[in-house]
Amino acid sequence: MIFENSNAKSKSILIKIILFCILITSFTLVLRNLGHSKIHYWDEGFHAMVARNLTKHPLKFTLYDQPWLEYNYKSWGENHIWLHKPPVAMWKICISHFIFGINAFALRLPSAISLVLSAWLTYRIASDLFDKRAGLIAAFLQAFNPFLFESVHGYRFSDHIDIALLLWVQVSCWFLLRGIRSGKRRNYILSGVAMGIAYLSKSYLALITFGIAFVVWFVAWYKRRSRIHGESTDEPSTVEQQESDHAITDGEDLRIRLSDVGLQLLVGILTVAPWAIYCLIKYPQEFLWEHKRVIDHLNTNVENWAASWDRPLFEYMPLFYPFFYAALFAVVLCLLVVMFKRWRLPELFVLAWAIGVIVPHVLAETKTPSATMIAVPPLLICIAAVISRAWQRRDWFYTAIWGASMLSIVAISFGSALVHSGKWLPGTVSNRGIGFFQFDGIRSFAPFIHKHFWIIEQLIIFGVLLAFFVGIFLISKREWQKWISFGVRIVALVIAIFCAGRYVHAAYRVTERNAQIPLYVVSGERIQRELPENVCFFLDDERTGAHFDLMYYADRSTYQINNVHAKSPRNVARQAKEAREAGAIPYLFSVKETEYSYPLLMEGEVDVGNDKKQRYRIFEITER
């Protein structure tokens with residue numbers, strides 16, 4: 001007994017050490033070049049400006065703090081009062097600015113911290129549902145996810161808004177799981193509070209936690225009802241149920257009542273209510289308009305993000321899971337079969353979470369790339385659970401799934417390489433696929449399946465390999481089954497390690513970009529020192545979103561004269577007159593060599609690296 005306790009304690013310490021190494025390495029890596037000075041247009045620029053302005057007035061959310069030009073409250077890109085996103089994420093950035101100053105490092109640090117915390121929560125949730133091995137694998141996959149790294153660094157169509165939503169959804173799910181295990185209402189209350197904070201990070205997507213709670217309650221109610229009527233929802237299976245100190249066993253009732261689900265929702269509403277009431281009183285038209293636009297995503301083409309049903313599944317989601325998306329897809333399909341056969345909590349919880357995020361986004365008219373980010377943890381837990389069950393329990397069913405999924409990656413990569421080299425003549429090359437199959441007929445109703453048909457090719461190969469492994473196992477002699485399973489696991493492990501190396505390297509490459517804009521950093525500091533606060537700039541830099549760079553570092557309202565998204569260039573003379581009448585001093589900030597007839601106020605050169613200097617000039621736009 002003493003020996004067993006000592007062994008368990010040593011194992012627990014080892015797990016904690018591995019988890020600590022994963023988290024600290026991830027945090028160290030994501031901090032690399034985190035303070036790169038470029039403020040990115042989608043979406044970081046907007047949130048950076050609002051958070052910066054919050055340092056002056058924490059309860060007044062503004063984009064253009066001094067709107068010198070006429071604006072439309074329905075146009076969130078040039079608005080004054082800015083309620084396009086809820087407040088929590090920008091408050092967190094504001095606090096970081098208070099502590100570390102106005103700079104890009106402070107802007108992104110809350111995202112870096114949230115990434116590590118969310119990976120730790122993935123470990124806790126996966127450990128409670130499956131086992132600690134699955135928890136470590138899932139935490140690793142989330143801690144080094146390249147898409148999340150890009151979001152933290154501002155390179156993607158997402159930033160701290162989506163990272164904050166991810167974190168608080170996970171907090172809510174963790175407390176929900178604790179409530180299901182213990183039956184204690186304080187956990188449902190805490191889950192509701194976290195769900196409310198998630199809503200205050202990015203609106204209705206936070207309701208996924210309520211959806212999970214309702215699904216789990218319904219299944220628990222149905223199982224109890226079936227037992228009362230003498231039915232059984234658990235059929236015999238060859239798949240052994242994994243249990244651990246933190247797993248929910250088959251014989252344990254799910255301790256969740258409909259009143260618990262209602263309590264969670266009520267607490268979530270009460271958490272959101274103060275902010276909603278405040279906005280309705282202070283800024284009713286902006287709040288109601290933005291609220292309407294959120295709902296419009298369901299049946300309206302908002303900002304030209306409408307797409308066919310298959311775009312989230314076959315174009316957006318592969319970005320989250322590089323190198324192994326099709327394998328993950330296959331694993332989820334297999335776990336769906338397991339869930340429908342056995343209705344156990346681990347599979348039910350993670351699949352309700354993932355499907356509850358993905359299906360509404362597939363059905364909605366407007367589809368954005370980052371909307372399924374909160375499905376990352378449950379999907380990573382799915383593949384981690386299969387790997388853990390295959391390796392730790394040596395279960396032939398999960399071994400076959402893992403082996404087939406890994407080998408299908410190799411088959412597609414190898415086949416595509418052969419086709420590209422010209423050694424295989426049949427078919428044509430599809431995107432990262434072999435290209436033997438061409439179904440132009442699907443283009444009309446599934447254009448993104450057609451575009452990324454390599455995913456279907458890999459799923460087909462997975463199905464063939466899975467059937468082959470299962471068949472070989474069933475027809476082989478008992479003494480050979482052990483060695484067949486062992487061989488498949490070793491091959492799958494080697495491929496998985498190779499993919500993990502590429503995965504971490506992809507995250508490392510994100511931190512190498514280090515996008516700098518020293519011109520606006522240096523000139524912005526000079527402007528704050530030498531020019532009054534009522535300055536209004538018109539910027540001739542046509543790089544999309546360049547006005548956010550100047551506005552963030554100079555803390556002066558800036559309007560871009562022209563860019564690729566503008567219907568036509570601004571009438572600078574007319575709008576400068578409008579700004580002057582509003583009390584501003586209009587200036588032209590020029591990065592071009594164009595000769596202007598306005599009086600030159602100041603100029604300078606900034607070292608932009610590689611022994612290059614960039615000149616800027618500031619002209620005063622005078623009346624004519």
# chains A, B, ... in the order shown; residues from 1 in each chain; ligands from 1

call {"tool": "closest_atom_pairs", "arguments": {"of": "segment 350-410 of chain A", "to": "segment 137-142 of chain A", "cutoff": "6 Å", "atoms": "only C-alpha atoms", "output": "CSV"}}
result
residue,atom,partner,partner_atom,distance
A:Leu380,CA,A:Ala138,CA,5.4
A:Ile381,CA,A:Ala138,CA,5.2
A:Ala384,CA,A:Ala138,CA,5.4

call {"tool": "write_last_selection", "arguments": {"atoms": "N, CA, C and O atoms", "output": "PDB file, in the first residue's frame"}}
result
ATOM      1  N   LEU A 380      -9.811  19.402 -29.574  1.00  0.00           N
ATOM      2  CA  LEU A 380      -8.477  18.912 -29.208  1.00  0.00           C
ATOM      3  C   LEU A 380      -8.567  17.834 -28.136  1.00  0.00           C
ATOM      4  O   LEU A 380      -7.786  16.880 -28.136  1.00  0.00           O
ATOM      5  N   ILE A 381      -9.522  17.976 -27.223  1.00  0.00           N
ATOM      6  CA  ILE A 381      -9.723  16.938 -26.206  1.00  0.00           C
ATOM      7  C   ILE A 381     -10.156  15.635 -26.858  1.00  0.00           C
ATOM      8  O   ILE A 381      -9.763  14.544 -26.417  1.00  0.00           O
ATOM      9  N   ALA A 384      -7.074  14.000 -28.233  1.00  0.00           N
ATOM     10  CA  ALA A 384      -6.217  13.627 -27.111  1.00  0.00           C
ATOM     11  C   ALA A 384      -6.764  12.399 -26.389  1.00  0.00           C
ATOM     12  O   ALA A 384      -6.003  11.522 -25.958  1.00  0.00           O
TER      13      ALA A 384
END

call {"tool": "residues_around", "arguments": {"residues": "Tyr587 of chain A", "least_positions_apart": "4", "cutoff": "8 Å", "atoms": "only C-alpha atoms", "output": "list in words"}}
result
Val535, Cys536, Phe537, Phe538, Ile618, Phe619, Glu620 and Ile621 of chain A

call {"tool": "write_last_selection", "arguments": {"atoms": "N, CA, C and O atoms", "output": "compact mmCIF listing (two decimals), in the first residue's frame"}}
result
# COMPACT_ATOMS: atom_id res chain seq x y z
N VAL A 535 -5.61 68.59 -32.46
CA VAL A 535 -5.11 68.35 -33.82
C VAL A 535 -5.94 67.26 -34.49
O VAL A 535 -6.33 66.27 -33.85
N CYS A 536 -6.20 67.43 -35.77
CA CYS A 536 -6.88 66.41 -36.57
C CYS A 536 -6.01 66.11 -37.78
O CYS A 536 -5.63 67.02 -38.53
N PHE A 537 -5.65 64.84 -37.97
CA PHE A 537 -4.76 64.46 -39.06
C PHE A 537 -5.53 63.83 -40.22
O PHE A 537 -6.47 63.04 -40.02
N PHE A 538 -5.09 64.18 -41.44
CA PHE A 538 -5.48 63.46 -42.65
C PHE A 538 -4.23 62.77 -43.16
O PHE A 538 -3.20 63.43 -43.39
N ILE A 618 4.58 66.95 -42.03
CA ILE A 618 3.28 67.38 -41.52
C ILE A 618 3.01 68.78 -42.04
O ILE A 618 3.78 69.71 -41.80
N PHE A 619 1.90 68.90 -42.79
CA PHE A 619 1.50 70.17 -43.38
C PHE A 619 0.27 70.69 -42.65
O PHE A 619 -0.62 69.93 -42.28
N GLU A 620 0.21 72.01 -42.50
CA GLU A 620 -0.99 72.61 -41.94
C GLU A 620 -1.95 72.92 -43.09
O GLU A 620 -1.58 73.58 -44.06
N ILE A 621 -3.16 72.40 -42.97
CA ILE A 621 -4.16 72.60 -44.04
C ILE A 621 -4.85 73.94 -43.77
O ILE A 621 -5.72 74.05 -42.91

call {"tool": "residues_around", "arguments": {"residues": "segment 307-322 of chain A", "least_positions_apart": "6", "cutoff": "7 Å", "atoms": "only C-alpha atoms", "output": "NGL selection string"}}
result
:A and (147 or 362-363 or 365-367 or 369 or 446 or 448-449 or 452)

call {"tool": "write_last_selection", "arguments": {"atoms": "C-alpha atoms", "output": "PDB file, in the first residue's frame"}}
result
ATOM      1  CA  PHE A 147      -3.875  30.111 -35.026  1.00  0.00           C
ATOM      2  CA  VAL A 362     -22.767  26.510 -40.458  1.00  0.00           C
ATOM      3  CA  LEU A 363     -26.466  27.422 -40.600  1.00  0.00           C
ATOM      4  CA  GLU A 365     -25.978  33.415 -43.168  1.00  0.00           C
ATOM      5  CA  THR A 366     -22.918  35.366 -42.010  1.00  0.00           C
ATOM      6  CA  LYS A 367     -19.806  33.282 -41.339  1.00  0.00           C
ATOM      7  CA  PRO A 369     -13.247  32.954 -39.578  1.00  0.00           C
ATOM      8  CA  ALA A 446     -20.496  22.784 -51.732  1.00  0.00           C
ATOM      9  CA  PHE A 448     -15.431  24.787 -50.391  1.00  0.00           C
ATOM     10  CA  ILE A 449     -15.584  20.996 -50.300  1.00  0.00           C
ATOM     11  CA  HIS A 452     -10.437  21.612 -50.393  1.00  0.00           C
TER      12      HIS A 452
END

call {"tool": "residues_around", "arguments": {"residues": "Ala467 of chain A", "least_positions_apart": "4", "cutoff": "12 Å", "atoms": "only C-alpha atoms", "output": "MDAnalysis selection string"}}
result
chainID A and resid 397 400:401 403:405 460:463 471:474

call {"tool": "closest_residue", "arguments": {"among": "A:Lys341, A:Arg178, A:Arg543, A:His361", "to": "His297 of chain A", "atoms": "only C-alpha atoms"}}
result
A:His361

call {"tool": "select_by_dssp", "arguments": {"residues": "segment 332-561 of chain A", "states": "alpha helix (DSSP H)", "output": "count of residues only"}}
result
157

call {"tool": "select_by_dssp", "arguments": {"residues": "segment 331-570 of chain A", "states": "strand (DSSP E)", "output": "ChimeraX atom specification"}}
result
/A:535-539,557-560

call {"tool": "atom_distance", "arguments": {"atom1": "atom CA of Tyr552 of chain A", "atom2": "atom CA of Val294 of chain A"}}
result
26.8 Å

call {"tool": "atom_distance", "arguments": {"atom1": "atom CA of Lys132 of chain A", "atom2": "atom CA of Asp395 of chain A"}}
result
17.1 Å

call {"tool": "atom_distance", "arguments": {"atom1": "atom CA of Tyr123 of chain A", "atom2": "atom CA of Ala352 of chain A"}}
result
18.2 Å

call {"tool": "closest_residue", "arguments": {"among": "A:Tyr188, A:Trp396, A:Phe105, A:Tyr283", "to": "Ser259 of chain A", "atoms": "only C-alpha atoms"}}
result
A:Tyr188

call {"tool": "closest_residue", "arguments": {"among": "A:Pro346, A:Pro110, A:Pro377, A:Gly583", "to": "Asp128 of chain A", "atoms": "only C-alpha atoms"}}
result
A:Pro346

call {"tool": "closest_atom_pairs", "arguments": {"of": "segment 336-409 of chain A", "to": "segment 197-203 of chain A", "cutoff": "12 Å", "atoms": "only C-alpha atoms", "output": "Markdown table"}}
result
| residue | atom | partner | partner_atom | distance |
| --- | --- | --- | --- | --- |
| A:Ser370 | CA | A:Lys202 | CA | 11.4 |
| A:Ala371 | CA | A:Lys202 | CA | 9.9 |
| A:Met373 | CA | A:Lys202 | CA | 11.8 |
| A:Ile374 | CA | A:Ala198 | CA | 10.7 |

call {"tool": "closest_atom_pairs", "arguments": {"of": "segment 95-190 of chain A", "to": "segment 54-78 of chain A", "cutoff": "8 Å", "atoms": "only C-alpha atoms", "output": "tab-separated table"}}
result
residue	atom	partner	partner_atom	distance
A:Ile95	CA	A:Thr55	CA	8.0
A:His97	CA	A:Thr55	CA	7.4
A:Phe98	CA	A:Thr55	CA	6.9

call {"tool": "decode", "arguments": {"residues": "segment 114-196 of chain A", "atoms": "C-alpha atoms", "output": "PDB file, in the first residue's frame"}}
result
ATOM      1  CA  SER A 114      -5.271  34.174 -21.399  1.00  0.00           C
ATOM      2  CA  LEU A 115      -3.750  31.682 -23.852  1.00  0.00           C
ATOM      3  CA  VAL A 116      -1.791  29.968 -21.080  1.00  0.00           C
ATOM      4  CA  LEU A 117      -4.743  29.991 -18.682  1.00  0.00           C
ATOM      5  CA  SER A 118      -7.029  28.507 -21.328  1.00  0.00           C
ATOM      6  CA  ALA A 119      -4.503  25.713 -22.000  1.00  0.00           C
ATOM      7  CA  TRP A 120      -4.427  24.955 -18.253  1.00  0.00           C
ATOM      8  CA  LEU A 121      -8.235  24.830 -18.200  1.00  0.00           C
ATOM      9  CA  THR A 122      -8.185  22.437 -21.157  1.00  0.00           C
ATOM     10  CA  TYR A 123      -5.939  20.167 -19.097  1.00  0.00           C
ATOM     11  CA  ARG A 124      -8.329  20.310 -16.120  1.00  0.00           C
ATOM     12  CA  ILE A 125     -11.439  19.653 -18.200  1.00  0.00           C
ATOM     13  CA  ALA A 126      -9.849  16.820 -20.194  1.00  0.00           C
ATOM     14  CA  SER A 127      -8.446  15.252 -17.008  1.00  0.00           C
ATOM     15  CA  ASP A 128     -11.841  15.332 -15.308  1.00  0.00           C
ATOM     16  CA  LEU A 129     -13.615  13.860 -18.320  1.00  0.00           C
ATOM     17  CA  PHE A 130     -11.022  11.322 -19.483  1.00  0.00           C
ATOM     18  CA  ASP A 131      -7.603  11.094 -17.815  1.00  0.00           C
ATOM     19  CA  LYS A 132      -4.492  13.136 -17.128  1.00  0.00           C
ATOM     20  CA  ARG A 133      -2.675  11.814 -20.192  1.00  0.00           C
ATOM     21  CA  ALA A 134      -5.470  13.159 -22.397  1.00  0.00           C
ATOM     22  CA  GLY A 135      -5.289  16.400 -20.425  1.00  0.00           C
ATOM     23  CA  LEU A 136      -1.576  16.829 -21.097  1.00  0.00           C
ATOM     24  CA  ILE A 137      -1.953  16.092 -24.824  1.00  0.00           C
ATOM     25  CA  ALA A 138      -4.886  18.496 -25.216  1.00  0.00           C
ATOM     26  CA  ALA A 139      -3.116  21.204 -23.195  1.00  0.00           C
ATOM     27  CA  PHE A 140      -0.028  20.861 -25.398  1.00  0.00           C
ATOM     28  CA  LEU A 141      -2.076  21.137 -28.592  1.00  0.00           C
ATOM     29  CA  GLN A 142      -3.831  24.255 -27.332  1.00  0.00           C
ATOM     30  CA  ALA A 143      -0.775  25.886 -25.780  1.00  0.00           C
ATOM     31  CA  PHE A 144       1.101  25.810 -29.109  1.00  0.00           C
ATOM     32  CA  ASN A 145      -1.827  26.286 -31.497  1.00  0.00           C
ATOM     33  CA  PRO A 146      -0.511  28.435 -34.393  1.00  0.00           C
ATOM     34  CA  PHE A 147      -3.875  30.111 -35.026  1.00  0.00           C
ATOM     35  CA  LEU A 148      -4.155  31.122 -31.371  1.00  0.00           C
ATOM     36  CA  PHE A 149      -0.583  32.456 -31.532  1.00  0.00           C
ATOM     37  CA  GLU A 150      -1.568  34.548 -34.553  1.00  0.00           C
ATOM     38  CA  SER A 151      -4.606  35.842 -32.691  1.00  0.00           C
ATOM     39  CA  VAL A 152      -2.506  36.780 -29.664  1.00  0.00           C
ATOM     40  CA  HIS A 153      -0.077  38.662 -31.918  1.00  0.00           C
ATOM     41  CA  GLY A 154      -2.922  40.379 -33.776  1.00  0.00           C
ATOM     42  CA  TYR A 155      -2.201  38.834 -37.187  1.00  0.00           C
ATOM     43  CA  ARG A 156      -5.569  37.138 -37.626  1.00  0.00           C
ATOM     44  CA  PHE A 157      -9.144  38.350 -37.968  1.00  0.00           C
ATOM     45  CA  SER A 158      -9.284  38.042 -34.201  1.00  0.00           C
ATOM     46  CA  ASP A 159      -7.404  39.273 -31.188  1.00  0.00           C
ATOM     47  CA  HIS A 160      -8.061  39.575 -27.463  1.00  0.00           C
ATOM     48  CA  ILE A 161     -11.832  39.692 -27.983  1.00  0.00           C
ATOM     49  CA  ASP A 162     -11.879  36.089 -29.198  1.00  0.00           C
ATOM     50  CA  ILE A 163      -9.152  34.948 -26.802  1.00  0.00           C
ATOM     51  CA  ALA A 164     -11.100  36.416 -23.867  1.00  0.00           C
ATOM     52  CA  LEU A 165     -14.289  34.700 -25.055  1.00  0.00           C
ATOM     53  CA  LEU A 166     -12.410  31.391 -25.284  1.00  0.00           C
ATOM     54  CA  LEU A 167     -11.014  31.745 -21.761  1.00  0.00           C
ATOM     55  CA  TRP A 168     -14.312  32.599 -20.062  1.00  0.00           C
ATOM     56  CA  VAL A 169     -16.264  29.925 -21.941  1.00  0.00           C
ATOM     57  CA  GLN A 170     -13.727  27.417 -20.637  1.00  0.00           C
ATOM     58  CA  VAL A 171     -14.043  28.768 -17.095  1.00  0.00           C
ATOM     59  CA  SER A 172     -17.814  28.392 -17.367  1.00  0.00           C
ATOM     60  CA  CYS A 173     -17.504  24.847 -18.743  1.00  0.00           C
ATOM     61  CA  TRP A 174     -15.098  23.871 -15.966  1.00  0.00           C
ATOM     62  CA  PHE A 175     -17.472  25.013 -13.232  1.00  0.00           C
ATOM     63  CA  LEU A 176     -20.369  23.363 -15.072  1.00  0.00           C
ATOM     64  CA  LEU A 177     -18.473  20.068 -15.089  1.00  0.00           C
ATOM     65  CA  ARG A 178     -17.705  20.441 -11.393  1.00  0.00           C
ATOM     66  CA  GLY A 179     -21.406  21.060 -10.792  1.00  0.00           C
ATOM     67  CA  ILE A 180     -22.383  17.930 -12.727  1.00  0.00           C
ATOM     68  CA  ARG A 181     -19.940  15.850 -10.695  1.00  0.00           C
ATOM     69  CA  SER A 182     -20.733  17.286  -7.273  1.00  0.00           C
ATOM     70  CA  GLY A 183     -24.305  18.521  -7.596  1.00  0.00           C
ATOM     71  CA  LYS A 184     -23.299  21.672  -5.644  1.00  0.00           C
ATOM     72  CA  ARG A 185     -25.221  24.728  -6.720  1.00  0.00           C
ATOM     73  CA  ARG A 186     -22.353  27.120  -6.109  1.00  0.00           C
ATOM     74  CA  ASN A 187     -20.634  25.582  -9.128  1.00  0.00           C
ATOM     75  CA  TYR A 188     -23.656  26.299 -11.323  1.00  0.00           C
ATOM     76  CA  ILE A 189     -23.688  29.854  -9.973  1.00  0.00           C
ATOM     77  CA  LEU A 190     -19.993  30.294 -10.798  1.00  0.00           C
ATOM     78  CA  SER A 191     -20.590  28.768 -14.222  1.00  0.00           C
ATOM     79  CA  GLY A 192     -23.333  31.323 -14.790  1.00  0.00           C
ATOM     80  CA  VAL A 193     -21.099  34.204 -13.702  1.00  0.00           C
ATOM     81  CA  ALA A 194     -18.348  33.039 -16.075  1.00  0.00           C
ATOM     82  CA  MET A 195     -20.914  32.633 -18.866  1.00  0.00           C
ATOM     83  CA  GLY A 196     -22.015  36.214 -18.262  1.00  0.00           C
TER      84      GLY A 196
END
